[in-house]
Amino acid sequence: MSAQREKDQKPSAGFLNSVLAVARKDLAAELRSPELLLAMLVFALLAIFIFNFALDLEPALRSRVTSGVLWTTFAFSGTLGLNRSMAVEKENGCLDGLLLAPVDRAAIYFGKAISNLLFLLLLEVVVIPVYSLLYGINLFNPGLLLVVLLGSVGYIAVGTLLSGMAVQARTRDVLLPILQFPIILPMLIASIKASDGFLTGVGLEDAVPWIILLIIYDVIFLAIALMVFDYVVEE
Amino acid sequence: MISVRKLVKRFGLKMILRGLDFEVQPGEFVALLGPNGAGKTTFLRILASLSRPSMGSVTIAGFSLPKEAAAVRVRLGVVSHQPLLYGNLTAEENLNFYGRMYAVQGLEERITQVLEMVGLSVRRRDLVRTFSRGMQQRLAIGRAVLHDPQVMLFDEPYTGLDQDASNMLDGVLSTVASQGRTVVMTSHDLARTEALATRFDILSRGVIAASASRSQMGKGDLMDFYKASLV
Amino acid sequence: MESKPISLMILDIVSILLLAVSTYLALVFAPLEAAMGAVQRVFYFHVATAWVGMLGFIAAGITGIVYLATKDLKWDIIEVAAVEISLVFFLITIVLGSIWARPVWNTWWTWDPRLTTAAIIELYYLAYFMLRQGIEEPGRRANFGAVYALLGAPTIPLTFMAIRLFRTIHPVVVGSESAEAQGGFNMTADMRTAFFFALFAFTVIFIDLLWNRIRLGNLQQKLEQLKLNILE
């Protein structure tokens with residue numbers, strides 16, 4: 001037996017290489033037929049139009065609700081993307097294919113999280129200028145972009161883990177937002193308030209505690225997700 | 001090559017495998033037969049390192065599961081009744097992705113070689129979702145042999161294939177098996193199994209109920225043997 | 001069918017007695033609060049039920065971790081028991097809080113950080129049960145339940161912090177400023193007796209309910225096992 005073990009030491013893909021392979025595969029598929037991005041984008045634009053009429057966004061009101069409207073839109077269209085991204089892995093049994101590969105489970109989580117994050121950021125990069133254009137509000141504020149990045153990281157850290165659970169449940173598509181929203185609530189509150197701070201120009205003082213909260217949130221949930229992802233995919 | 005001792009698998013309270021013993025020598029092609037619900041797929045998923053044993057030991061190529069799963073996975077090729085392929089990627093891209101996950105050396109040449117073997121060279125740049133079921137299954141085999149595994153597991157590879165596609169699959173399977181690999185296959189198709197396998201094991205009620213090698217059997221005897229061992 | 005253990009029966013009776021005494025202390029023994037009047041008496045049970053809710057929440061998080069480490073399904077049974085009890089008691093907390101808030105703050109609901117957090121925990125628990133319900137295989141169901149229970153542990157304190165921070169920066173004008181400002185009061189010695197006794201009584205009641213619920217879970221499991229045996 002030991003002789004058999006020693007011969008042919010097979011190379012194994014490094015952690016980083018497998019993370020990148022998983023993320024690249026998602027991006028390549030999306031580039032070929034952008035089902036997921038298109039669905040998120042159209043949904044987000046529809047949501048903004050609905051908000052416009054639901055809230056009757058007069059100029060005076062706009063500046064106060066902008067960050068709320070934006071983050072609600074991101075959160076809801078984000079679940080569409082997360083659901084789709086995991087459904088792809090379940091469709092032809094691909095999740096088994098990933099688990100059969102001799103790579104760390106954490107690499108699979110990271111790979112999926114990176115592609116999910118890129119999709120969400122791409123959505124935000126389109127939605128924010130469109131919103132600026134429609135309402136004449138300048139959203140190109142480095143502070144706001146930092147908040148968007150930090151908030152999105154926390155959102156995806158939790159969402160990627162939870163979508164792995166939701167996809168294996170009977171009620172998969174409806175389950176994800178229900179699982180996710182109670183958990184991302186502190187992240188949403190912090191993102192909305194921090195964005196508010198930058199948009200209303202009240203300044204850094206108000207935004208700083210929220211940004212700290214966001215950073216704490218991101219670190220905690222990335223760490224937990226890495227620790228428990230194994231239990232989500234094991235049988 | 002594969003050694004399983006007193007394997008028990010429970011799903012909650014339900015006991016699927018009940019102290020199963022199983023031994024495969026290098027180069028053997030073992031057909032695992034049995035009625036639905038006997039635990040064939042569960043057993044194969046445990047061998048594939050996808051499912052953890054509740055009790056007992058599983059050793060593949062000298063590495064024990066689930067402890068040394070990574071070492072086992074490198075040496076293992078799995079074909080299931082699902083293709084494990086991404087529909088929105090081309091045949092080439094699918095193989096390229098899995099090749100990276102397995103750190104295959106000289107990936108470009110290997111992909112060409114594998115596509116040649118499964119007869120899909122002309123379709124290498126087509127999306128997998130445009131493939132017929134039979135072509136997907138052949139590509140799935142290509143995916144499974146990409147990293148040149150010593151041990152291969154086939155779980156109901158003929159599911160959903162018509163006569164022609166099954167015949168083509170037969171050709172690919174025997175090519176794969178003839179390259180000195182150890183194979184375990186589950187199937188309902190006794191006729192095709194009889195032509196391919198060198199040994200026949202019957203899985204019933206969570207244990208191996210009977211085992212016979214091809215040399216012990218005349219042509220057409222498999223049906224009788226199968227029926228007799230299930231009583 | 002095994003009969004109920006004697007010690008559990010004794011604990012049942014003790015729980016009922018403690019509840020009776022605690023009710024007497026809260027409704028009769030404790031003096032009438034000057035500013036708020038009789039409705040203030042809700043406070044004793046309001047805090048005590050919230051305390052039990054918190055106990056259940058913490059117990060669920062811990063048993064979730066222990067389950068993931070040991071993979072012993074008995075921890076899963078305890079986790080579900082703790083969540084169910086916590087769900088019910090937080091609901092009572094919220095209802096009692098509303099009853100208190102109506103005359104004191106002139107509103108059924110205030111977005112007070114504690115009350116809001118309790119309501120969010122309720123929603124989180126409902127999500128927990130929906131997740132479990134969607135999974136057939138018991139091992140996987142237990143895994144997912146434990147992971148989700150574990151995620152709640154940092155979420156709820158963070159949510160509380162976020163809501164509190166939210167309020168300090170933007171105080172609401174309608175309703176209450178904060179619980180301390182308008183609903184606060186100083187406890188007399190007798191009030192304190194009633195308060196701490198209620199906490200003690202409800203802790204015992206929590207243990208009693210948890211024990212009963214775990215026993216029920218074990219019996220359910222046994223029933224499943226017997227059914228399986230018959231089928232084979």
# chains A, B, ... in the order shown; residues from 1 in each chain; ligands from 1
>>> residues_around(residues="Leu98 of chain A", least_positions_apart="5", cutoff="9 Å", atoms="only C-alpha atoms", output="count of residues only")
8
>>> interface_residues(of="chain C", to="chain B", cutoff="7 Å", atoms="only C-alpha atoms", output="PyMOL selection string")
chain C and resi 137-139+225
>>> residues_around(residues="segment 78-81 of chain C", least_positions_apart="4", cutoff="10 Å", atoms="only C-alpha atoms", output="PyMOL selection string")
chain C and resi 56-67+73-74+85-87+128-129+132+142+145-146+149+209-218
>>> interface_residues(of="chain C", to="chain A", cutoff="6 Å", atoms="only C-alpha atoms", output="VMD selection string")
chain C and resid 124 127 134 to 135 155 158 to 159 162
>>> select_by_dssp(residues="segment 46-199 of chain B", states="alpha helix (DSSP H)", output="NGL selection string")
:B and (46-47 or 69-74 or 91-101 or 107-117 or 133-145 or 163-178 or 190-196)
>>> write_last_selection(atoms="C-alpha atoms", output="compact mmCIF listing (two decimals), in the first residue's frame")
# COMPACT_ATOMS: atom_id res chain seq x y z
CA ILE B 46 -19.37 7.48 -0.50
CA LEU B 47 -16.66 5.99 -2.74
CA ALA B 69 -10.23 12.94 0.60
CA ALA B 70 -8.04 15.31 -1.42
CA ALA B 71 -5.55 12.54 -2.24
CA VAL B 72 -8.39 10.23 -3.24
CA ARG B 73 -10.10 12.87 -5.38
CA VAL B 74 -6.97 13.36 -7.50
CA ALA B 91 -17.13 21.67 -24.40
CA GLU B 92 -13.60 23.05 -24.43
CA GLU B 93 -14.30 25.60 -21.68
CA ASN B 94 -15.85 22.95 -19.46
CA LEU B 95 -12.80 20.73 -19.80
CA ASN B 96 -10.51 23.69 -19.36
CA PHE B 97 -12.23 24.61 -16.08
CA TYR B 98 -12.09 21.10 -14.66
CA GLY B 99 -8.53 20.72 -15.89
CA ARG B 100 -7.53 23.72 -13.80
CA MET B 101 -9.33 22.38 -10.76
CA LEU B 107 -3.90 20.90 -20.45
CA GLU B 108 -4.30 22.04 -24.07
CA GLU B 109 -3.00 18.80 -25.58
CA ARG B 110 -4.86 16.71 -23.04
CA ILE B 111 -8.17 18.40 -23.91
CA THR B 112 -7.63 17.73 -27.61
CA GLN B 113 -6.74 14.12 -26.85
CA VAL B 114 -9.79 13.59 -24.64
CA LEU B 115 -12.22 15.21 -27.08
CA GLU B 116 -10.78 12.95 -29.77
CA MET B 117 -11.39 9.91 -27.59
CA ARG B 133 -28.05 13.79 -24.02
CA GLY B 134 -25.69 11.20 -25.48
CA MET B 135 -23.08 13.79 -26.40
CA GLN B 136 -23.30 15.35 -22.96
CA GLN B 137 -22.75 11.98 -21.39
CA ARG B 138 -19.72 11.32 -23.58
CA LEU B 139 -18.29 14.70 -22.66
CA ALA B 140 -18.99 13.85 -19.04
CA ILE B 141 -16.75 10.81 -19.47
CA GLY B 142 -14.15 13.03 -21.06
CA ARG B 143 -14.37 15.29 -18.04
CA ALA B 144 -13.92 12.32 -15.73
CA VAL B 145 -10.79 10.96 -17.45
CA GLN B 163 -29.90 2.77 -28.48
CA ASP B 164 -27.35 4.54 -30.68
CA ALA B 165 -26.12 6.77 -27.92
CA SER B 166 -25.76 3.77 -25.62
CA ASN B 167 -23.72 1.94 -28.22
CA MET B 168 -21.39 4.90 -28.59
CA LEU B 169 -21.12 5.17 -24.83
CA ASP B 170 -20.21 1.46 -24.70
CA GLY B 171 -17.29 2.15 -27.01
CA VAL B 172 -16.01 5.02 -24.88
CA LEU B 173 -16.47 3.11 -21.64
CA SER B 174 -14.51 0.12 -22.83
CA THR B 175 -11.72 2.38 -24.13
CA VAL B 176 -11.54 4.05 -20.72
CA ALA B 177 -11.59 0.74 -18.90
CA SER B 178 -9.01 -0.90 -21.18
CA LEU B 190 -27.88 -6.16 -17.58
CA ALA B 191 -27.06 -6.87 -21.23
CA ARG B 192 -24.61 -3.97 -21.58
CA THR B 193 -23.14 -4.61 -18.16
CA GLU B 194 -22.52 -8.24 -18.99
CA ALA B 195 -20.46 -7.28 -22.01
CA LEU B 196 -18.27 -4.80 -20.12
>>> residues_around(residues="segment 50-54 of chain B", least_positions_apart="6", cutoff="8 Å", atoms="only C-alpha atoms", output="list in words")
Asp96, Leu99, Leu100, Glu234 and Glu235 of chain A; Leu7, Val8, Lys9, Arg10, Thr42, Leu65 and Pro66 of chain B
>>> write_last_selection(atoms="N, CA and C atoms", output="PDB file, in the first residue's frame")
ATOM      1  N   ASP A  96     -21.735  18.846  -7.473  1.00  0.00           N
ATOM      2  CA  ASP A  96     -20.997  17.603  -7.241  1.00  0.00           C
ATOM      3  C   ASP A  96     -19.665  17.631  -7.974  1.00  0.00           C
ATOM      4  N   LEU A  99     -17.322  19.596  -5.974  1.00  0.00           N
ATOM      5  CA  LEU A  99     -16.930  18.923  -4.736  1.00  0.00           C
ATOM      6  C   LEU A  99     -16.021  17.730  -5.008  1.00  0.00           C
ATOM      7  N   LEU A 100     -16.108  17.172  -6.237  1.00  0.00           N
ATOM      8  CA  LEU A 100     -15.249  16.041  -6.597  1.00  0.00           C
ATOM      9  C   LEU A 100     -13.811  16.476  -6.839  1.00  0.00           C
ATOM     10  N   GLU A 234     -21.573  19.461   2.651  1.00  0.00           N
ATOM     11  CA  GLU A 234     -21.286  18.047   2.928  1.00  0.00           C
ATOM     12  C   GLU A 234     -22.582  17.233   3.018  1.00  0.00           C
ATOM     13  N   GLU A 235     -22.403  15.901   2.916  1.00  0.00           N
ATOM     14  CA  GLU A 235     -23.571  15.027   2.966  1.00  0.00           C
ATOM     15  C   GLU A 235     -23.370  13.980   4.046  1.00  0.00           C
TER      16      GLU A 235
ATOM     17  N   LEU B   7     -19.007  -0.999   6.190  1.00  0.00           N
ATOM     18  CA  LEU B   7     -19.498   0.356   5.917  1.00  0.00           C
ATOM     19  C   LEU B   7     -20.974   0.490   6.296  1.00  0.00           C
ATOM     20  N   VAL B   8     -21.252   1.501   7.107  1.00  0.00           N
ATOM     21  CA  VAL B   8     -22.621   1.816   7.492  1.00  0.00           C
ATOM     22  C   VAL B   8     -22.909   3.243   7.069  1.00  0.00           C
ATOM     23  N   LYS B   9     -24.061   3.463   6.425  1.00  0.00           N
ATOM     24  CA  LYS B   9     -24.479   4.835   6.134  1.00  0.00           C
ATOM     25  C   LYS B   9     -25.925   5.013   6.582  1.00  0.00           C
ATOM     26  N   ARG B  10     -26.109   6.009   7.408  1.00  0.00           N
ATOM     27  CA  ARG B  10     -27.450   6.339   7.884  1.00  0.00           C
ATOM     28  C   ARG B  10     -27.851   7.694   7.350  1.00  0.00           C
ATOM     29  N   THR B  42     -25.992   5.655  -3.126  1.00  0.00           N
ATOM     30  CA  THR B  42     -25.409   6.080  -1.852  1.00  0.00           C
ATOM     31  C   THR B  42     -23.997   5.536  -1.696  1.00  0.00           C
ATOM     32  N   LEU B  65     -10.830   7.394   3.349  1.00  0.00           N
ATOM     33  CA  LEU B  65     -11.877   8.416   3.308  1.00  0.00           C
ATOM     34  C   LEU B  65     -12.563   8.482   4.667  1.00  0.00           C
ATOM     35  N   PRO B  66     -13.016   9.618   5.132  1.00  0.00           N
ATOM     36  CA  PRO B  66     -12.939  10.921   4.461  1.00  0.00           C
ATOM     37  C   PRO B  66     -11.683  11.715   4.796  1.00  0.00           C
TER      38      PRO B  66
END
>>> residues_around(residues="Met223 of chain B", least_positions_apart="2", cutoff="12 Å", atoms="only C-alpha atoms", output="ChimeraX atom specification")
/B:33-34,188-194,200,202,217-221,225-230
>>> closest_residue(among="B:Val58, B:Ala212, B:Leu89, B:Leu222", to="chain A", atoms="only C-alpha atoms")
B:Leu89
>>> atom_distance(atom1="atom CA of Lys112 of chain A", atom2="atom CA of Asn88 of chain B")
16.2 Å
>>> atom_distance(atom1="atom CA of His147 of chain B", atom2="atom CA of Gln82 of chain B")
19.3 Å
>>> select_by_dssp(residues="chain B", states="strand (DSSP E)", output="number ranges by chain")
B: 2-11, 14-24, 29-33, 55-60, 63-65, 76-79, 151-155, 182-186, 199-204, 207-213
>>> write_last_selection(atoms="C-alpha atoms", output="PDB file, in the first residue's frame")
ATOM      1  CA  ILE B   2     -10.654  -0.204  -3.293  1.00  0.00           C
ATOM      2  CA  SER B   3     -11.217  -1.647   0.137  1.00  0.00           C
ATOM      3  CA  VAL B   4     -14.403  -1.148   2.133  1.00  0.00           C
ATOM      4  CA  ARG B   5     -14.950  -2.626   5.592  1.00  0.00           C
ATOM      5  CA  LYS B   6     -18.169  -2.771   7.584  1.00  0.00           C
ATOM      6  CA  LEU B   7     -19.498   0.356   5.917  1.00  0.00           C
ATOM      7  CA  VAL B   8     -22.621   1.816   7.492  1.00  0.00           C
ATOM      8  CA  LYS B   9     -24.479   4.835   6.134  1.00  0.00           C
ATOM      9  CA  ARG B  10     -27.450   6.339   7.884  1.00  0.00           C
ATOM     10  CA  PHE B  11     -29.690   9.139   6.715  1.00  0.00           C
ATOM     11  CA  LYS B  14     -32.830   5.261   8.112  1.00  0.00           C
ATOM     12  CA  MET B  15     -29.993   2.830   7.593  1.00  0.00           C
ATOM     13  CA  ILE B  16     -29.110   2.584   3.901  1.00  0.00           C
ATOM     14  CA  LEU B  17     -25.856   0.596   4.061  1.00  0.00           C
ATOM     15  CA  ARG B  18     -25.565  -2.002   6.800  1.00  0.00           C
ATOM     16  CA  GLY B  19     -22.031  -3.188   7.316  1.00  0.00           C
ATOM     17  CA  LEU B  20     -21.043  -3.523   3.688  1.00  0.00           C
ATOM     18  CA  ASP B  21     -17.731  -5.201   2.767  1.00  0.00           C
ATOM     19  CA  PHE B  22     -16.286  -4.646  -0.681  1.00  0.00           C
ATOM     20  CA  GLU B  23     -12.908  -5.318  -2.247  1.00  0.00           C
ATOM     21  CA  VAL B  24     -11.668  -4.436  -5.733  1.00  0.00           C
ATOM     22  CA  PHE B  29     -14.264  -3.775 -13.810  1.00  0.00           C
ATOM     23  CA  VAL B  30     -16.951  -4.382 -11.214  1.00  0.00           C
ATOM     24  CA  ALA B  31     -20.635  -4.037 -12.040  1.00  0.00           C
ATOM     25  CA  LEU B  32     -22.751  -3.188  -9.041  1.00  0.00           C
ATOM     26  CA  LEU B  33     -26.290  -4.423  -9.571  1.00  0.00           C
ATOM     27  CA  MET B  55     -19.270   3.996  10.328  1.00  0.00           C
ATOM     28  CA  GLY B  56     -16.673   1.669   8.859  1.00  0.00           C
ATOM     29  CA  SER B  57     -13.606   2.298   6.737  1.00  0.00           C
ATOM     30  CA  VAL B  58     -13.139   3.122   3.073  1.00  0.00           C
ATOM     31  CA  THR B  59      -9.722   3.037   1.434  1.00  0.00           C
ATOM     32  CA  ILE B  60      -9.058   3.958  -2.195  1.00  0.00           C
ATOM     33  CA  PHE B  63      -5.812   6.605   1.044  1.00  0.00           C
ATOM     34  CA  SER B  64      -8.618   6.502   3.547  1.00  0.00           C
ATOM     35  CA  LEU B  65     -11.877   8.416   3.308  1.00  0.00           C
ATOM     36  CA  LEU B  76     -10.742   9.376  -8.966  1.00  0.00           C
ATOM     37  CA  GLY B  77     -12.905   9.954 -12.044  1.00  0.00           C
ATOM     38  CA  VAL B  78     -16.664  10.027 -11.590  1.00  0.00           C
ATOM     39  CA  VAL B  79     -19.442   9.823 -14.164  1.00  0.00           C
ATOM     40  CA  VAL B 151     -10.109   4.583 -10.373  1.00  0.00           C
ATOM     41  CA  MET B 152     -13.367   5.352 -12.136  1.00  0.00           C
ATOM     42  CA  LEU B 153     -16.912   5.284 -10.824  1.00  0.00           C
ATOM     43  CA  PHE B 154     -19.912   5.174 -13.171  1.00  0.00           C
ATOM     44  CA  ASP B 155     -23.347   5.735 -11.701  1.00  0.00           C
ATOM     45  CA  THR B 182     -10.131   0.106 -12.014  1.00  0.00           C
ATOM     46  CA  VAL B 183     -13.845   0.642 -12.602  1.00  0.00           C
ATOM     47  CA  VAL B 184     -16.973   0.340 -10.493  1.00  0.00           C
ATOM     48  CA  MET B 185     -20.245   0.827 -12.335  1.00  0.00           C
ATOM     49  CA  THR B 186     -23.882   0.687 -11.303  1.00  0.00           C
ATOM     50  CA  ARG B 199     -17.088  -9.086 -12.014  1.00  0.00           C
ATOM     51  CA  PHE B 200     -20.690  -8.782 -10.905  1.00  0.00           C
ATOM     52  CA  ASP B 201     -21.710  -7.824  -7.365  1.00  0.00           C
ATOM     53  CA  ILE B 202     -25.292  -7.726  -6.195  1.00  0.00           C
ATOM     54  CA  LEU B 203     -26.154  -5.028  -3.667  1.00  0.00           C
ATOM     55  CA  SER B 204     -29.278  -5.786  -1.717  1.00  0.00           C
ATOM     56  CA  VAL B 207     -24.879  -5.303   1.832  1.00  0.00           C
ATOM     57  CA  ILE B 208     -23.190  -7.172  -1.013  1.00  0.00           C
ATOM     58  CA  ALA B 209     -25.476 -10.191  -1.271  1.00  0.00           C
ATOM     59  CA  ALA B 210     -23.539 -12.078  -3.931  1.00  0.00           C
ATOM     60  CA  SER B 211     -20.491 -11.792  -6.140  1.00  0.00           C
ATOM     61  CA  ALA B 212     -19.372 -13.679  -9.238  1.00  0.00           C
ATOM     62  CA  SER B 213     -16.592 -13.174 -11.753  1.00  0.00           C
TER      63      SER B 213
END
>>> residues_around(residues="Arg102 of chain C", least_positions_apart="2", cutoff="12 Å", atoms="only C-alpha atoms", output="VMD selection string")
chain C and resid 36 39 to 40 42 95 to 100 104 to 110 175 to 176 183
>>> closest_residue(among="B:Pro83, B:Gly27, B:Gly37, B:Gly160", to="chain A", atoms="only C-alpha atoms")
B:Pro83
>>> atom_distance(atom1="atom CA of Gln105 of chain B", atom2="atom CA of Val19 of chain A")
18.1 Å
>>> closest_residue(among="A:Leu46, A:Ala21, A:Leu36, A:Met86", to="chain B", atoms="only C-alpha atoms")
A:Ala21
>>> decode(residues="segment 124-144 of chain A", atoms="N, CA and C atoms", output="short mmCIF file (atom, residue, chain, number, x, y, z; two decimals), in the first residue's frame")
data_model
loop_
_atom_site.label_atom_id
_atom_site.label_comp_id
_atom_site.auth_asym_id
_atom_site.auth_seq_id
_atom_site.Cartn_x
_atom_site.Cartn_y
_atom_site.Cartn_z
N GLU A 124 -24.22 47.69 -9.67
CA GLU A 124 -24.18 48.98 -8.99
C GLU A 124 -23.53 50.05 -9.86
N VAL A 125 -22.51 49.61 -10.60
CA VAL A 125 -21.82 50.55 -11.49
C VAL A 125 -22.76 51.08 -12.58
N VAL A 126 -23.73 50.26 -12.95
CA VAL A 126 -24.71 50.74 -13.94
C VAL A 126 -25.83 51.54 -13.27
N VAL A 127 -26.32 51.04 -12.15
CA VAL A 127 -27.50 51.66 -11.54
C VAL A 127 -27.19 53.06 -11.00
N ILE A 128 -26.02 53.22 -10.38
CA ILE A 128 -25.72 54.51 -9.74
C ILE A 128 -25.71 55.67 -10.76
N PRO A 129 -24.99 55.53 -11.92
CA PRO A 129 -25.05 56.64 -12.89
C PRO A 129 -26.46 56.86 -13.44
N VAL A 130 -27.19 55.76 -13.67
CA VAL A 130 -28.55 55.91 -14.19
C VAL A 130 -29.39 56.71 -13.21
N TYR A 131 -29.25 56.40 -11.93
CA TYR A 131 -30.00 57.12 -10.90
C TYR A 131 -29.59 58.58 -10.88
N SER A 132 -28.28 58.82 -10.97
CA SER A 132 -27.79 60.21 -11.00
C SER A 132 -28.42 60.97 -12.16
N LEU A 133 -28.48 60.30 -13.30
CA LEU A 133 -28.99 60.91 -14.50
C LEU A 133 -30.48 61.23 -14.36
N LEU A 134 -31.22 60.27 -13.84
CA LEU A 134 -32.67 60.44 -13.75
C LEU A 134 -33.06 61.54 -12.77
N TYR A 135 -32.29 61.66 -11.69
CA TYR A 135 -32.73 62.57 -10.64
C TYR A 135 -31.81 63.77 -10.46
N GLY A 136 -30.79 63.83 -11.30
CA GLY A 136 -29.90 64.97 -11.20
C GLY A 136 -29.19 65.08 -9.87
N ILE A 137 -28.92 63.93 -9.28
CA ILE A 137 -28.17 63.95 -8.03
C ILE A 137 -26.77 63.42 -8.32
N ASN A 138 -25.76 64.13 -7.90
CA ASN A 138 -24.41 63.65 -8.14
C ASN A 138 -24.04 62.57 -7.13
N LEU A 139 -23.87 61.35 -7.64
CA LEU A 139 -23.55 60.23 -6.74
C LEU A 139 -22.08 59.85 -6.83
N PHE A 140 -21.31 60.57 -7.62
CA PHE A 140 -19.90 60.20 -7.75
C PHE A 140 -19.08 60.80 -6.63
N ASN A 141 -19.13 60.10 -5.54
CA ASN A 141 -18.53 60.57 -4.30
C ASN A 141 -17.68 59.42 -3.80
N PRO A 142 -16.36 59.62 -3.66
CA PRO A 142 -15.51 58.49 -3.27
C PRO A 142 -15.98 57.83 -1.97
N GLY A 143 -16.49 58.62 -1.04
CA GLY A 143 -17.00 58.06 0.21
C GLY A 143 -18.13 57.09 -0.05
N LEU A 144 -19.06 57.51 -0.91
CA LEU A 144 -20.20 56.65 -1.23
C LEU A 144 -19.73 55.36 -1.89
#
